[in-house]
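Below is one structure; the comments refer to it alone.
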Amino acid sequence: MMKFIHKTASPPYFYKLAGLWQPWLAGITILLLIAGLYGGLIYAPTDYQQGESYRIIYIHVPAAWMSLFIYVVMAVTAAIGLIWRIKLAESVTVCSAPIGAGFTLLALVTGSLWGKPMWGAWWVWDARLTAELILLFLYFGIMSLYAAISDKRVASRAVAILALVGVVNIPIIHYSVEWWNTLHQGPTVTKFDKPSIDFRMLIPLLIMAVAFKIYYVWSLFMRLRVELLDRERNTQWVKSLLMDNKD
Amino acid sequence: MMKDFFYMGGYGFYVWGSYAIAAIVLIGNIVLPKFQHKAMLKKLTKKLYRAEQLK
């Protein structure tokens with residue numbers, strides 16, 4: 001097992017592997033997105049309270065889930081990177097940040113576009129919204145901290161510590177709608193009771209959620225390849241790769 | 001029929017706005033690394049050739 005991990009996590013091996021996986025990840029993402037969009041925009045019925053506006057859910061909820069999920073991935077890989085000094089783990093932390101920031105921004109903007117017709121305001125200082133905004137700043141903080149330190153190994157350690165400290169925000173976001181009774185509606189899917197959402201609305205939502213997950217892996221692999229080339233620029237495998245490319 | 005679809009019961013701006021921004025973010029996070037990958041390969045190749053010439 002350890003041998004397998006070391007082999008897969010070695011930069012030259014992973015660089016090649018990620019390249020091979022890319023077209024498959026792209027294909028699966030696109031197929032799932034088509035299915036999810038069809039389901040969400042055409043197949044799912046109109047909501048009896050919110051009318052058609054609820055269709056924002058198919059972007060907003062999966063994006064918000066991803067904003068938390070990616071942060072948890074970053075915190076876990078940050079811990080692995082700190083303890084075992086695995087270069088790939090350090091790179092995953094760093095390369096996930098812009099993707100996570102993208103999803104967080106998407107969750108906030110689509111929430112705003114939903115809030116305007118439903119609540120009558122683009123933005124309110126509701127607990128969930130505020131915590132999500134802090135998450136966005138955490139992502140930005142991690143990105144700029146990494147960019148500010150030129151030694152990548154040192155930068156990775158600094159980023160890992162920041163990512164681990166920021167993880168306290170994750171349960172706060174998740175439970176905010178239960179702890180503080182404010183404007184943001186409670187959970188309809190992620191709770192222990194049966195989801196209080198029509199089955200025909202739920203299925204496209206879950207498809208979109210899976211699509212976003214696979215998309216994340218796809219985008220992450222692309223970023224990781226750039227990061228690995230950059231970090232390993234003086235190694236033999238990068239040099240022979242460049243030589244092969246030129247010929 | 002088609003008009004209804006775009007009208008979204010009066011919420012067209014909000015619904016389609018959300019989907020448009022989603023498209024921008026998702027496409028951006030694919031196109032940007034693709035561009036960076038190309039630039040990185042180019043930069044490193046150039047550097048390598050310069051180093052070879054100095055030898």
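Numbering starts fresh at 1 for the residues of each chain in the structure tokens, the chains themselves are lettered A, B, ... in the order given, and ligands are numbered from 1 as they appear.
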Near Lys43 in chain B, within 12 Å and counting only C-alpha atoms, which residues show up once chain neighbours fewer than 3 positions away are dropped, as a tab-separated table (two decimals) with all heavy atoms, in the first residue's frame?
chain	number	residue	atom	x	y	z
A	226	VAL	N	0.77	21.81	-14.10
A	226	VAL	CA	1.55	23.06	-14.22
A	226	VAL	C	2.44	23.23	-12.99
A	226	VAL	O	3.63	23.53	-13.09
A	226	VAL	CB	0.61	24.29	-14.36
A	226	VAL	CG1	1.42	25.55	-14.54
A	226	VAL	CG2	-0.36	24.10	-15.50
A	229	LEU	N	5.44	20.82	-12.93
A	229	LEU	CA	6.49	21.26	-13.86
A	229	LEU	C	7.30	22.39	-13.25
A	229	LEU	O	8.53	22.41	-13.31
A	229	LEU	CB	5.87	21.75	-15.17
A	229	LEU	CG	5.47	20.74	-16.23
A	229	LEU	CD1	4.93	21.48	-17.44
A	229	LEU	CD2	6.64	19.88	-16.64
A	230	ASP	N	6.58	23.33	-12.64
A	230	ASP	CA	7.23	24.50	-12.06
A	230	ASP	C	8.17	24.11	-10.91
A	230	ASP	O	9.32	24.53	-10.85
A	230	ASP	CB	6.14	25.46	-11.56
A	230	ASP	CG	6.70	26.84	-11.28
A	230	ASP	OD1	7.86	27.09	-11.65
A	230	ASP	OD2	5.97	27.65	-10.67
A	233	ARG	N	11.35	21.87	-12.03
A	233	ARG	CA	11.96	22.33	-13.27
A	233	ARG	C	13.42	21.90	-13.43
A	233	ARG	O	13.90	21.76	-14.55
A	233	ARG	CB	11.86	23.84	-13.37
A	233	ARG	CG	12.44	24.56	-12.17
A	233	ARG	CD	12.47	26.04	-12.40
A	233	ARG	NE	11.13	26.63	-12.38
A	233	ARG	CZ	10.84	27.82	-12.88
A	233	ARG	NH1	11.78	28.54	-13.46
A	233	ARG	NH2	9.63	28.31	-12.79
A	242	LEU	N	10.89	17.88	-21.66
A	242	LEU	CA	11.00	19.05	-22.52
A	242	LEU	C	11.73	18.70	-23.81
A	242	LEU	O	11.36	19.16	-24.88
A	242	LEU	CB	11.73	20.18	-21.79
A	242	LEU	CG	11.01	20.76	-20.57
A	242	LEU	CD1	11.89	21.75	-19.85
A	242	LEU	CD2	9.71	21.43	-20.98
B	36	GLN	N	-1.83	28.22	-18.91
B	36	GLN	CA	-0.64	28.26	-18.05
B	36	GLN	C	0.30	27.09	-18.34
B	36	GLN	O	1.52	27.23	-18.30
B	36	GLN	CB	-1.05	28.21	-16.58
B	36	GLN	CG	-1.64	29.51	-16.09
B	36	GLN	CD	-2.29	29.36	-14.73
B	36	GLN	OE1	-2.67	28.26	-14.32
B	36	GLN	NE2	-2.45	30.47	-14.01
B	37	HIS	N	-0.29	25.93	-18.63
B	37	HIS	CA	0.51	24.74	-18.95
B	37	HIS	C	1.35	24.97	-20.19
B	37	HIS	O	2.55	24.71	-20.21
B	37	HIS	CB	-0.43	23.54	-19.13
B	37	HIS	CG	0.29	22.23	-19.22
B	37	HIS	ND1	0.07	21.35	-20.24
B	37	HIS	CD2	1.21	21.66	-18.42
B	37	HIS	CE1	0.86	20.29	-20.06
B	37	HIS	NE2	1.54	20.44	-18.96
B	38	LYS	N	0.70	25.51	-21.22
B	38	LYS	CA	1.41	25.81	-22.47
B	38	LYS	C	2.54	26.81	-22.22
B	38	LYS	O	3.66	26.63	-22.69
B	38	LYS	CB	0.43	26.39	-23.49
B	38	LYS	CG	-0.16	25.32	-24.37
B	38	LYS	CD	-0.72	25.91	-25.65
B	38	LYS	CE	-1.49	24.82	-26.41
B	38	LYS	NZ	-2.88	25.18	-26.65
B	39	ALA	N	2.23	27.87	-21.46
B	39	ALA	CA	3.21	28.91	-21.20
B	39	ALA	C	4.39	28.35	-20.40
B	39	ALA	O	5.55	28.69	-20.66
B	39	ALA	CB	2.55	30.06	-20.44
B	40	MET	N	4.07	27.46	-19.42
B	40	MET	CA	5.12	26.88	-18.59
B	40	MET	C	6.06	26.01	-19.43
B	40	MET	O	7.28	26.11	-19.31
B	40	MET	CB	4.46	26.07	-17.47
B	40	MET	CG	5.43	25.41	-16.51
B	40	MET	SD	6.43	26.57	-15.58
B	40	MET	CE	5.21	27.23	-14.47
B	46	LYS	N	12.62	27.02	-23.31
B	46	LYS	CA	13.50	28.13	-23.68
B	46	LYS	C	14.72	28.18	-22.76
B	46	LYS	O	15.86	28.29	-23.20
B	46	LYS	CB	12.72	29.43	-23.56
B	46	LYS	CG	12.93	30.39	-24.71
B	46	LYS	CD	12.09	31.62	-24.45
B	46	LYS	CE	11.79	32.38	-25.72
B	46	LYS	NZ	10.76	33.39	-25.47
B	47	LYS	N	14.43	28.06	-21.47
B	47	LYS	CA	15.46	28.10	-20.44
B	47	LYS	C	16.46	26.97	-20.65
B	47	LYS	O	17.67	27.15	-20.54
B	47	LYS	CB	14.80	27.97	-19.07
B	47	LYS	CG	15.38	28.91	-18.05
B	47	LYS	CD	14.54	28.84	-16.80
B	47	LYS	CE	15.08	29.79	-15.76
B	47	LYS	NZ	14.20	29.80	-14.58
B	48	LEU	N	15.92	25.79	-20.91
B	48	LEU	CA	16.75	24.61	-21.09
B	48	LEU	C	17.68	24.78	-22.28
B	48	LEU	O	18.87	24.47	-22.21
B	48	LEU	CB	15.84	23.39	-21.29
B	48	LEU	CG	16.54	22.05	-21.37
B	48	LEU	CD1	17.14	21.68	-20.03
B	48	LEU	CD2	15.57	20.96	-21.81
B	49	TYR	N	17.15	25.35	-23.37
B	49	TYR	CA	17.98	25.52	-24.56
B	49	TYR	C	19.08	26.55	-24.34
B	49	TYR	O	20.20	26.39	-24.82
B	49	TYR	CB	17.11	25.88	-25.76
B	49	TYR	CG	16.68	24.63	-26.47
B	49	TYR	CD1	15.73	23.78	-25.90
B	49	TYR	CD2	17.28	24.24	-27.66
B	49	TYR	CE1	15.36	22.60	-26.51
B	49	TYR	CE2	16.92	23.06	-28.28
B	49	TYR	CZ	15.96	22.25	-27.70
B	49	TYR	OH	15.62	21.07	-28.30
B	50	ARG	N	18.75	27.56	-23.58
B	50	ARG	CA	19.75	28.58	-23.27
B	50	ARG	C	20.88	27.94	-22.46
B	50	ARG	O	22.06	28.18	-22.72
B	50	ARG	CB	19.12	29.74	-22.51
B	50	ARG	CG	19.76	31.04	-22.88
B	50	ARG	CD	19.07	32.21	-22.21
B	50	ARG	NE	17.73	32.46	-22.73
B	50	ARG	CZ	16.68	32.74	-21.96
B	50	ARG	NH1	16.81	32.77	-20.64
B	50	ARG	NH2	15.51	32.98	-22.49
(request) For chain B, list the residues within 9 Å of chain A, counting only C-alpha atoms, and write the list as a count of residues only. (result) 31
(request) List the neighbours of range 200-210 of chain A out to 6 Å using only C-alpha atoms; skip same-chain residues closer than 2 positions along the sequence, and give me the result as a PyMOL selection string. (result) chain A and resi 36+39-40+44+58+62+198+212-213
(message) Give me, as an NGL selection string, all polymer residues having an atom no more than 9 Å from range 85-92 of chain A, counting only C-alpha atoms and skipping those fewer than 2 positions away in the same chain.
(response) :A and (6 or 9-11 or 14 or 73-74 or 76-83 or 94-97 or 153 or 156-157 or 159-160 or 220-221 or 223-224 or 227-228)
(message) So the first atom is CA of Asp244 in chain A and the second is CA of Gly27 in chain A; what is the distance between them in Å, to one decimal place?
(response)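 Going from CA of Asp244 in chain A over to CA of Gly27 in chain A, I get 27.4 Å.
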(request) Give me the residues within 9 Å of range 134-137 of chain A as a list in words, counting only C-alpha atoms and dropping any in the same chain fewer than 6 places off. (result)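 Once the adjacent positions are removed, what remains is Ser67, Leu68, Tyr71, Gly100, Ala101, Gly102, Thr104, Leu105, Gly166, Asn169, Ile170 and Ile173 of chain A.
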(request) Measure the distance from CA of Lys16 in chain A to CA of Glu232 in chain A in Å and round it to one decimal. (result)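 Atom-to-atom, CA of Lys16 in chain A to CA of Glu232 in chain A, that is 13.9 Å.
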(request) Could you check which of A:Tyr13, A:Leu25, A:Asp47, A:Ala158 is closest to Ser144 in chain A, using only C-alpha atoms? (result)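 Looking only at the distances to Ser144 in chain A, the closest residue turns out to be A:Ala158.
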